[in-house]
$ cat model09.cif   # mmCIF, C-alpha atoms
data_target
#
loop_
_atom_site.label_atom_id
_atom_site.label_comp_id
_atom_site.auth_asym_id
_atom_site.auth_seq_id
_atom_site.Cartn_x
_atom_site.Cartn_y
_atom_site.Cartn_z
CA MET E 1 6.11 31.41 -3.62
CA ASN E 2 9.86 31.36 -2.97
CA HIS E 3 10.15 32.38 0.67
CA ILE E 4 7.73 29.65 1.75
CA LEU E 5 10.73 27.28 1.73
CA GLN E 6 12.42 28.97 4.72
CA TRP E 7 9.15 29.00 6.65
CA VAL E 8 8.71 25.25 6.09
CA LYS E 9 12.21 24.55 7.43
CA LEU E 10 11.29 26.24 10.69
CA LYS E 11 7.81 24.79 11.15
CA ILE E 12 7.63 21.27 9.76
CA LYS E 13 7.26 18.51 12.36
CA HIS E 14 6.25 15.26 10.63
CA HIS E 15 9.07 12.94 9.54
CA LYS E 16 7.08 11.28 6.74
CA LEU E 17 3.52 11.32 5.43
CA GLY E 18 1.62 10.59 2.22
CA VAL E 19 -0.73 12.67 0.09
CA LEU E 20 -3.03 10.92 -2.41
CA VAL E 21 -3.88 13.50 -5.09
CA ILE E 22 -7.11 12.64 -6.91
CA VAL E 23 -8.23 14.67 -9.93
CA GLN E 24 -11.79 13.87 -11.00
CA ASN E 25 -12.50 14.35 -14.73
CA GLY E 26 -16.17 13.61 -15.34
CA LYS E 27 -18.14 10.97 -13.47
CA SER E 28 -16.12 7.93 -14.51
CA HIS E 29 -12.51 9.03 -14.94
CA SER E 30 -10.15 9.80 -12.07
CA SER E 31 -6.38 10.04 -11.86
CA PHE E 32 -4.57 8.82 -8.73
CA ASP E 33 -1.09 9.97 -7.70
CA LEU E 34 0.41 9.06 -4.34
CA TYR E 35 3.24 11.27 -3.08
CA ILE E 36 5.38 10.24 -0.11
CA LEU E 37 6.71 13.41 1.52
CA LYS E 38 9.73 13.26 3.81
CA ASN E 39 11.20 15.84 6.14
CA LYS E 40 14.98 15.76 5.82
CA LYS E 41 16.93 18.30 7.87
CA GLY E 42 13.95 20.65 8.02
CA LYS E 43 13.22 20.45 4.30
CA LEU E 44 10.00 18.86 3.09
CA GLY E 45 10.40 17.13 -0.27
CA ILE E 46 8.90 14.43 -2.46
CA GLU E 47 10.60 11.10 -1.72
CA LYS E 48 8.41 8.85 -3.91
CA HIS E 49 5.66 9.21 -6.48
CA ALA E 50 3.44 6.40 -7.76
CA GLU E 51 0.22 6.22 -9.76
CA ASP E 52 -0.66 2.96 -7.98
CA PRO E 53 -1.04 3.65 -4.21
CA CYS E 54 -0.87 -0.06 -3.31
CA SER E 55 2.55 -0.44 -4.92
CA VAL E 56 4.22 1.84 -2.36
CA LYS E 57 5.34 -0.13 0.71
CA ASP E 58 5.41 2.96 2.94
CA VAL E 59 1.61 3.16 3.11
CA LYS E 60 1.52 -0.30 4.75
CA THR E 61 3.72 0.80 7.63
CA GLY E 62 1.02 3.08 9.03
CA ILE E 63 2.21 6.54 7.93
CA PRO E 64 -0.67 9.05 7.76
CA VAL E 65 -2.08 9.53 4.27
CA TYR E 66 -4.14 12.61 3.42
CA LEU E 67 -6.47 12.92 0.44
CA HIS E 68 -6.59 15.89 -1.89
CA LEU E 69 -9.62 15.92 -4.17
CA SER E 70 -10.12 18.37 -7.02
CA GLY E 71 -11.83 18.66 -10.39
CA ASP E 72 -15.40 17.63 -11.17
CA GLY E 73 -17.46 16.82 -8.11
CA VAL E 74 -15.81 19.45 -5.90
CA MET E 75 -17.85 22.64 -5.67
CA VAL E 76 -16.00 25.80 -4.60
CA ARG E 77 -17.97 28.95 -3.79
CA THR E 78 -17.08 32.34 -2.30
CA PHE E 79 -19.52 34.01 0.14
CA PRO E 80 -19.28 37.52 1.62
CA GLY E 81 -18.45 37.69 5.29
CA HIS E 82 -17.55 34.85 7.64
CA ILE E 83 -20.28 32.23 7.43
CA SER E 84 -20.80 29.25 9.71
CA LYS E 85 -22.36 25.88 9.00
CA ASP E 86 -25.72 27.23 10.15
CA ASN E 87 -25.45 30.15 7.71
CA LEU E 88 -24.47 27.74 4.96
CA GLN E 89 -27.60 25.68 5.60
CA LYS E 90 -29.72 28.81 5.15
CA LEU E 91 -27.89 29.89 1.99
CA MET E 92 -28.23 26.40 0.50
CA PRO E 93 -31.53 24.97 1.85
CA ASN E 94 -31.32 21.81 -0.29
CA PHE E 95 -27.87 21.06 1.11
CA LEU E 96 -27.82 18.23 3.73
CA LEU E 97 -24.70 18.65 5.84
CA LYS E 98 -24.51 14.98 6.85
CA ASP E 99 -24.09 13.92 3.21
CA TYR E 100 -21.11 16.18 2.41
CA TYR E 101 -17.56 16.99 3.36
CA VAL E 102 -17.39 20.76 3.82
CA HIS E 103 -14.22 22.81 4.19
CA PHE E 104 -14.29 26.47 5.29
CA ASP E 105 -11.46 28.90 4.53
CA TYR E 106 -11.89 32.35 6.03
CA LEU E 107 -10.39 35.30 4.17
CA GLU E 108 -10.32 38.87 5.38
CA ASN E 109 -13.80 39.77 4.14
CA ASN E 110 -15.03 36.57 2.49
CA SER E 111 -15.41 32.86 3.09
CA VAL E 112 -14.42 30.16 0.61
CA VAL E 113 -16.43 26.94 0.97
CA SER E 114 -15.31 23.71 -0.70
CA ILE E 115 -17.88 20.91 -0.86
CA ALA E 116 -17.81 17.24 -1.97
CA ARG E 117 -20.34 14.44 -1.51
CA LYS E 118 -19.33 11.78 0.98
CA ASP E 119 -20.57 8.88 -1.13
CA MET E 120 -18.59 10.16 -4.13
CA VAL E 121 -15.41 10.41 -2.05
CA GLU E 122 -15.94 6.87 -0.70
CA GLN E 123 -16.43 5.50 -4.24
CA ILE E 124 -13.26 7.22 -5.45
CA VAL E 125 -11.26 5.87 -2.48
CA GLN E 126 -12.52 2.34 -3.20
CA LYS E 127 -11.57 2.78 -6.85
CA ALA E 128 -8.06 3.79 -5.79
CA GLN E 129 -7.77 0.43 -3.96
CA CYS E 130 -5.92 1.99 -1.04
CA LYS E 131 -7.52 -0.08 1.71
CA ASP E 132 -4.12 -0.51 3.39
CA CYS E 133 -3.60 3.25 3.66
CA CYS E 134 -3.96 4.96 7.03
CA LEU E 135 -6.32 7.68 5.74
CA SER E 136 -6.12 10.61 8.13
CA GLY E 137 -7.73 13.65 6.52
CA ILE E 138 -9.02 15.31 3.38
CA PHE E 139 -8.33 18.54 1.49
CA LEU E 140 -10.72 19.89 -1.14
CA GLY E 141 -9.95 22.07 -4.15
CA PRO E 142 -7.77 25.13 -3.56
CA SER E 143 -8.04 24.96 0.25
CA PRO E 144 -4.38 24.03 1.00
CA LEU E 145 -3.09 26.91 -1.13
CA ILE E 146 -5.47 29.32 0.62
CA GLY E 147 -4.00 28.08 3.89
CA LEU E 148 -0.58 29.23 2.67
CA SER E 149 -1.91 32.49 1.25
CA GLU E 150 0.36 34.78 3.26
CA TYR E 151 3.39 33.11 1.69
CA LEU E 152 2.29 33.42 -1.95
CA ASP E 153 3.72 35.86 -4.49
CA THR E 154 1.90 39.08 -3.61
CA SER E 155 2.84 40.84 -6.86
CA LEU E 156 0.32 38.79 -8.86
CA SER E 157 -3.37 39.57 -9.35
CA SER E 158 -4.30 35.89 -9.72
CA ILE E 159 -2.74 32.44 -9.49
CA ASP E 160 -3.99 29.48 -11.57
CA VAL E 161 -3.57 26.02 -10.05
CA GLY E 162 -5.33 23.15 -11.76
CA SER E 163 -8.91 24.17 -12.50
CA TYR E 164 -8.95 26.95 -9.88
CA ARG E 165 -7.93 30.59 -9.97
CA LEU E 166 -7.08 32.41 -6.74
CA LEU E 167 -7.90 36.13 -6.91
CA LEU E 168 -5.49 38.47 -5.08
CA THR E 169 -5.98 42.11 -4.11
CA GLY E 170 -3.26 43.97 -2.28
CA GLY E 171 -1.29 40.78 -1.78
CA LYS E 172 -4.20 38.95 -0.14
CA ILE E 173 -6.56 36.32 -1.48
CA THR E 174 -10.07 37.72 -1.85
CA GLY E 175 -11.85 34.87 -3.63
CA THR E 176 -11.74 32.11 -6.21
CA GLU E 177 -13.13 31.39 -9.65
CA LYS E 178 -12.82 28.77 -12.37
CA GLY E 179 -9.31 28.91 -13.83
CA GLU E 180 -7.30 27.43 -16.65
CA LEU E 181 -4.68 24.69 -16.53
CA CYS E 182 -1.30 26.35 -16.29
CA ASP E 183 1.67 24.02 -15.96
CA PRO E 184 4.28 24.28 -14.67
CA ILE E 185 3.98 26.33 -11.45
CA TYR E 186 6.97 27.77 -9.58
CA PHE E 187 6.55 26.50 -6.02
CA MET E 188 9.17 26.13 -3.27
CA ASN E 189 12.08 27.12 -5.52
CA GLN E 190 11.21 24.61 -8.22
CA SER E 191 8.99 24.30 -11.28
CA ARG E 192 6.22 21.80 -10.51
CA ASP E 193 2.97 20.51 -12.01
CA GLN E 194 -0.40 21.06 -10.34
CA LYS E 195 -0.44 17.65 -8.62
CA GLU E 196 2.93 18.23 -6.95
CA VAL E 197 1.73 21.66 -5.77
CA TYR E 198 -1.43 20.09 -4.29
CA ALA E 199 0.63 17.36 -2.60
CA LEU E 200 3.22 19.69 -1.08
CA SER E 201 0.75 22.36 0.09
CA SER E 202 -1.50 19.69 1.66
CA GLY E 203 1.50 17.98 3.25
CA ILE E 204 2.79 21.24 4.72
CA LEU E 205 -0.50 22.10 6.43
CA ALA E 206 -1.09 18.51 7.59
CA SER E 207 2.44 18.37 9.05
CA ILE E 208 2.30 21.67 10.87
CA TYR E 209 -1.28 21.26 12.13
CA PRO E 210 -1.81 17.45 12.32
CA LEU E 211 -4.80 17.65 14.68
CA LYS E 212 -6.41 20.51 12.79
CA TYR E 213 -6.56 18.62 9.52
CA THR E 214 -7.19 15.13 10.85
CA LEU E 215 -10.54 13.74 9.68
CA GLN E 216 -12.92 13.19 12.59
CA ASP E 217 -16.65 12.57 13.01
CA ASN E 218 -17.31 16.26 12.51
CA ILE E 219 -17.61 16.72 8.74
CA PHE E 220 -16.66 20.39 8.93
CA LEU E 221 -12.90 20.54 8.60
CA GLN E 222 -11.78 23.91 9.80
CA GLY E 223 -9.26 25.16 7.29
CA SER E 224 -7.02 28.18 7.24
CA ASN E 225 -8.14 31.26 9.17
CA GLU E 226 -6.30 33.99 7.35
CA ALA E 227 -8.29 36.83 8.89
CA THR E 228 -8.88 35.40 12.37
CA PHE E 229 -5.74 36.85 13.93
CA ALA E 230 -6.28 40.19 12.15
CA LEU E 231 -9.80 40.49 13.60
CA LEU E 232 -8.48 39.52 17.01
CA GLY E 233 -5.83 42.21 16.82
CA ARG E 234 -8.35 44.91 15.82
CA LYS E 235 -11.01 43.97 18.37
CA SER E 236 -8.96 42.81 21.34
CA LEU E 237 -6.91 44.77 23.82
CA GLY E 238 -3.16 44.38 23.77
CA ILE E 239 -3.07 42.84 27.21
CA VAL E 240 -5.37 40.01 26.09
CA ALA E 241 -3.09 39.27 23.14
CA VAL E 242 -0.04 39.15 25.40
CA PHE E 243 -1.85 36.85 27.82
CA LEU E 244 -2.87 34.47 25.04
CA PHE E 245 0.66 34.46 23.69
CA LEU E 246 2.11 33.51 27.06
CA VAL E 247 -0.47 30.75 27.54
CA LEU E 248 0.24 29.34 24.08
CA LEU E 249 3.98 29.54 24.62
CA LEU E 250 3.72 27.70 27.93
CA ASN E 251 1.44 25.10 26.35
CA PHE E 252 3.93 24.62 23.51
CA PHE E 253 6.86 23.89 25.82
CA LEU E 254 4.80 21.61 28.06
CA PHE E 255 3.14 19.47 25.42
CA GLU E 256 5.39 19.46 22.38
CA GLN E 257 7.88 17.07 23.97
CA GLN E 258 5.09 14.76 25.16
CA TYR E 259 3.50 14.81 21.71
CA GLN E 260 6.81 13.85 20.08
CA LYS E 261 7.30 10.99 22.55
CA LYS E 262 3.74 9.81 21.91
CA SER E 263 4.32 9.82 18.13
CA ILE E 264 7.55 7.82 18.52
CA LEU E 265 5.91 5.28 20.84
CA GLU E 266 2.94 4.86 18.52
CA ALA E 267 5.28 4.27 15.58
CA GLU E 268 7.27 1.70 17.61
CA ILE E 269 4.09 -0.10 18.72
CA LEU E 270 2.84 -0.24 15.15
CA THR E 271 6.19 -1.56 13.93
CA ARG E 272 6.26 -4.27 16.60
CA GLU E 273 2.69 -5.30 15.84
CA ASN E 274 3.62 -5.67 12.17
CA LEU E 275 6.70 -7.74 13.08
CA LEU E 276 4.65 -10.01 15.38
CA SER E 277 2.08 -10.50 12.62
CA GLN E 278 4.81 -11.41 10.13
CA LEU E 279 6.40 -13.82 12.65
CA SER E 280 3.08 -15.54 13.23
CA SER E 281 2.55 -15.91 9.49
CA LEU E 282 6.04 -17.38 9.04
CA LYS E 283 5.42 -19.91 11.83
CA ARG E 284 2.17 -21.03 10.21
CA ASN E 285 3.83 -21.42 6.80
CA LEU E 286 6.73 -23.36 8.33
CA GLU E 287 4.39 -25.73 10.17
CA GLN E 288 2.33 -26.36 7.01
CA LYS E 289 5.46 -27.17 5.00
CA ARG E 290 6.79 -29.46 7.75
CA LEU E 291 3.52 -31.38 7.84
CA PHE E 292 3.49 -31.66 4.05
CA ILE E 293 7.05 -33.00 3.95
CA ASN E 294 6.49 -35.51 6.76
CA SER E 295 3.14 -36.74 5.43
CA ASN E 296 4.66 -37.51 2.03
CA SER E 297 7.99 -38.97 3.25
CA LEU E 298 9.86 -36.22 1.47
CA SER E 299 12.24 -35.92 4.40
CA GLU E 300 13.69 -39.41 3.74
CA THR E 301 15.94 -38.18 0.96
CA TYR E 302 18.82 -40.47 1.97
CA VAL E 303 16.60 -43.52 1.28
CA ILE E 304 15.59 -42.20 -2.15
CA SER E 305 19.20 -41.43 -3.09
CA TYR E 306 20.28 -44.88 -1.95
CA ILE E 307 17.61 -46.64 -4.05
CA TYR E 308 18.53 -44.59 -7.14
CA ASP E 309 22.15 -45.68 -6.68
CA GLN E 310 21.01 -49.32 -6.39
CA PHE E 311 19.18 -49.13 -9.70
CA GLY E 312 22.31 -47.70 -11.31
CA GLN E 313 24.17 -50.82 -10.16
CA LEU E 314 21.39 -53.18 -11.32
CA ALA E 315 21.41 -51.90 -14.90
CA ASP E 316 23.35 -54.08 -17.37
CA GLU E 317 23.63 -54.44 -21.13
CA GLY E 318 20.33 -56.30 -21.43
CA VAL E 319 18.11 -53.75 -19.55
CA ASN E 320 17.64 -50.03 -20.18
CA PHE E 321 15.58 -47.63 -18.02
CA GLU E 322 13.37 -44.95 -19.56
CA LYS E 323 11.83 -43.62 -16.34
CA ILE E 324 12.27 -44.31 -12.60
CA CYS E 325 9.97 -42.54 -10.13
CA ILE E 326 10.06 -42.96 -6.34
CA ASN E 327 6.94 -41.87 -4.38
CA PRO E 328 5.04 -40.88 -7.56
CA LEU E 329 2.39 -38.12 -7.52
CA ASN E 330 -1.25 -39.20 -7.16
CA HIS E 331 -3.64 -38.18 -9.93
CA ILE E 332 -5.33 -34.84 -9.13
CA ASN E 333 -8.81 -34.13 -10.45
CA LYS E 334 -9.13 -30.53 -9.33
CA GLN E 335 -6.61 -27.71 -9.02
CA SER E 336 -7.89 -26.95 -5.51
CA GLU E 337 -6.97 -30.43 -4.21
CA PRO E 338 -3.72 -30.63 -2.20
CA LEU E 339 -0.74 -32.52 -3.57
CA SER E 340 -0.34 -36.14 -2.38
CA PHE E 341 2.12 -38.90 -3.19
CA ARG E 342 2.02 -42.71 -3.31
CA ARG E 343 4.35 -43.51 -0.50
CA ARG E 344 6.91 -46.37 -0.61
CA ILE E 345 6.19 -47.02 -4.29
CA ILE E 346 8.73 -47.19 -7.15
CA THR E 347 7.51 -47.14 -10.76
CA ILE E 348 9.89 -48.17 -13.57
CA ASN E 349 9.48 -47.95 -17.34
CA GLY E 350 12.19 -49.56 -19.49
CA ASN E 351 13.28 -51.95 -22.24
CA ALA E 352 14.75 -55.47 -22.02
CA LEU E 353 16.79 -57.12 -24.78
CA ASP E 354 15.13 -60.48 -24.12
CA MET E 355 13.15 -62.40 -21.49
CA GLU E 356 16.27 -63.84 -19.90
CA SER E 357 17.73 -60.39 -19.24
CA TYR E 358 14.39 -59.26 -17.83
CA GLN E 359 14.15 -62.24 -15.46
CA GLN E 360 17.71 -61.71 -14.22
CA PHE E 361 16.86 -58.07 -13.51
CA LEU E 362 13.76 -59.06 -11.50
CA SER E 363 15.79 -61.57 -9.49
CA LYS E 364 18.37 -58.95 -8.58
CA ILE E 365 15.62 -56.59 -7.36
CA GLN E 366 13.97 -59.24 -5.21
CA GLU E 367 17.30 -60.03 -3.57
CA LYS E 368 17.65 -56.46 -2.27
CA ASP E 369 16.76 -55.93 1.38
CA TRP E 370 14.81 -52.76 0.60
CA CYS E 371 12.43 -54.60 -1.82
CA GLN E 372 9.28 -55.80 -0.07
CA GLU E 373 7.45 -57.03 -3.18
CA ILE E 374 6.92 -56.40 -6.88
CA SER E 375 3.25 -55.42 -6.81
CA TYR E 376 2.76 -55.01 -10.55
CA GLN E 377 4.58 -55.86 -13.76
CA ASP E 378 3.84 -55.71 -17.45
CA TYR E 379 6.15 -57.21 -20.09
CA SER E 380 5.29 -56.83 -23.77
CA PHE E 381 7.24 -57.75 -26.89
CA LYS E 382 6.02 -56.48 -30.23
CA PRO E 383 7.06 -58.31 -33.41
CA GLY E 384 9.57 -56.47 -35.49
CA LYS E 385 11.24 -54.74 -32.55
CA GLN E 386 14.62 -55.63 -31.15
CA SER E 387 13.61 -55.28 -27.49
CA ALA E 388 10.58 -55.67 -25.24
CA SER E 389 9.09 -52.91 -23.07
CA PHE E 390 8.21 -53.44 -19.46
CA GLN E 391 6.54 -51.61 -16.54
CA LEU E 392 7.15 -52.37 -12.88
CA GLU E 393 5.67 -51.20 -9.62
CA ILE E 394 7.75 -52.05 -6.55
CA LEU E 395 6.82 -51.62 -2.89
CA PHE E 396 9.94 -50.81 -0.87
CA LYS E 397 10.46 -51.09 2.87
CA ASN E 398 10.10 -48.05 5.10
CA VAL E 399 13.45 -48.72 6.80
CA VAL E 400 16.46 -49.38 4.61
CA SER E 401 19.74 -50.85 5.80
CA ILE E 402 22.50 -48.96 4.01
CA GLU E 403 25.83 -50.77 3.82
#

$ encode --input "model09.cif" --output "structure tokens"
Amino acid sequence: MNHILQWVKLKIKHHKLGVLVIVQNGKSHSSFDLYILKNKKGKLGIEKHAEDPCSVKDVKTGIPVYLHLSGDGVMVRTFPGHISKDNLQKLMPNFLLKDYYVHFDYLENNSVVSIARKDMVEQIVQKAQCKDCCLSGIFLGPSPLIGLSEYLDTSLSSIDVGSYRLLLTGGKITGTEKGELCDPIYFMNQSRDQKEVYALSSGILASIYPLKYTLQDNIFLQGSNEATFALLGRKSLGIVAVFLFLVLLLNFFLFEQQYQKKSILEAEILTRENLLSQLSSLKRNLEQKRLFINSNSLSETYVISYIYDQFGQLADEGVNFEKICINPLNHINKQSEPLSFRRRIITINGNALDMESYQQFLSKIQEKDWCQEISYQDYSFKPGKQSASFQLEILFKNVVSIE
């Protein structure tokens, strides 16, 4: 699997994409691993890895995210010859195509079919809570590795990846069977676990053939065609092959540049839409806060500071303040109710040495130009104590003359 690295450097096109690797163990347990793959100077590597897909900010920017599903719930079977969906319906009469995702991989003499129920895949995706992901396609079981079969180590008779075993004869994959877990795996010049291998192999194929592996209404995702070009070479005349090559080459030069421009423009449009959405949200939040501040007179901080200073000057040896509150908070019965304040109200709790000191203090307050009236007062003296406690509620004027 070593020389696959040089091939990737030459072929890879996508700048960044995500692969959500899901391993199903039984009906109720699934593991979720999101890999963000980035192409840096022609080398595809793992930039980020997270077990919680929603925690990765990249998925919210609209990068394509492909699923790879393996384990229980994914059926992989090998059939002789090259079968089509019609043949598959005959071989499996109880199999309703509309209820399944089906992936065909054509080998030289066999066909590998990977199958998963649609409703099961939808339940697993909901469980992963990746509703913000831009889901673009799906890979099932060993399919991405079969797609890279010509770049695998041809000296082996079998390769175990996860719960699958790829059977090789003469350096070519001939079929699959149930395998054994075998970590780590040497892939792209590095020792990796099965999930990293699934992520990288899926990312490589999705990057090189983005339209081929993009999920569309057609549930049959055409996978790798290892033997297609071999059959074409054996059954077609050389002149036809040359003609097709020239047509493909011309098509490549004509459309690759346009496709790259389209991808860049789509990314820019998506980025601007996100920025406009964020700007609109910020404007709404700012307007709500402005209305809250104005409705509760919180913007008149100079008045509040001035009144606090006045009370500092009014205090003398006969009066002590325990609590002074300007624009106190209204009582809230429910947590869902919005905050509201009693505007132009000052509440004071304190102690007075005697009635004379208390009366002098009240007189000083009433002389102030900001005092409209003392709307409530409570003076109580308990026997045995050296001072009396009092409570005041003062209504102050909306406009204060500061000297």

$ resolve_selection --input "model09.cif" --expression "the PyMOL selection byres ((chain E and resi 194-196) around 9)" --output "list of chain:residue names"
E:Val21, E:Ile22, E:Val23, E:Asp33, E:Tyr35, E:Ile46, E:Val161, E:Gly162, E:Leu181, E:Cys182, E:Asp183, E:Pro184, E:Ile185, E:Arg192, E:Asp193, E:Val197, E:Tyr198, E:Ala199, E:Leu200, E:Ser201

$ resolve_selection --input "model09.cif" --expression "the PyMOL selection byres ((chain E and resi 376) around 6)" --output "compact mmCIF listing (two decimals) with C-alpha atoms, in the coordinates of the input"
# COMPACT_ATOMS: atom_id res chain seq x y z
CA ILE E 374 6.92 -56.40 -6.88
CA SER E 375 3.25 -55.42 -6.81
CA GLN E 377 4.58 -55.86 -13.76
CA LEU E 392 7.15 -52.37 -12.88
CA GLU E 393 5.67 -51.20 -9.62

$ residues_near_point --input "model09.cif" --point "(-12.9, 26.4, -0.7)" --cutoff "7 Å" --atoms "only C-alpha atoms" --output "ChimeraX atom specification"
/E:76-77,103-105,112-114,140-143

$ atom_distance --input "model09.cif" --atom1 "atom CA of E:Lys48" --atom2 "atom CA of E:Val65"
13.3 Å

$ closest_residue --input "model09.cif" --among "E:Ile159, E:Ile138, E:Gln129, E:Ala267" --to "E:Val102" --atoms "only C-alpha atoms"
E:Ile138

$ residues_around --input "model09.cif" --residues "E:Ser157" --least-positions-apart "4" --cutoff "7 Å" --atoms "all atoms listed in the file" --output "list in words"
Leu167, Leu168 and Thr169 of chain E

$ closest_residue --input "model09.cif" --among "E:Gln310, E:Gln391, E:Asn330, E:Thr271" --to "E:Trp370" --atoms "all atoms listed in the file"
E:Gln310

$ resolve_selection --input "model09.cif" --expression "the PyMOL selection byres ((chain E and resi 37) around 9)" --output "PyMOL selection string"
chain E and resi 15-19+35-36+38-39+44-48+199-200+203

$ closest_residue --input "model09.cif" --among "E:Glu367, E:Glu108, E:Asp86, E:Asp72" --to "E:Val121" --atoms "all atoms listed in the file"
E:Asp72

$ closest_residue --input "model09.cif" --among "E:Leu395, E:Leu249, E:Ala116, E:Ile204" --to "E:Gln24" --atoms "all atoms listed in the file"
E:Ala116

$ atom_distance --input "model09.cif" --atom1 "atom CA of E:Cys134" --atom2 "atom CA of E:Tyr66"
8.5 Å

$ closest_residue --input "model09.cif" --among "E:Leu96, E:Leu246, E:Gln260, E:Phe361" --to "E:Gln313" --atoms "only C-alpha atoms"
E:Phe361

$ atom_distance --input "model09.cif" --atom1 "atom CA of E:Asp369" --atom2 "atom CA of E:Leu329"
24.6 Å

$ closest_residue --input "model09.cif" --among "E:Ser158, E:Gln372, E:Asn320, E:Asn327" --to "E:Asp354" --atoms "only C-alpha atoms"
E:Asn320
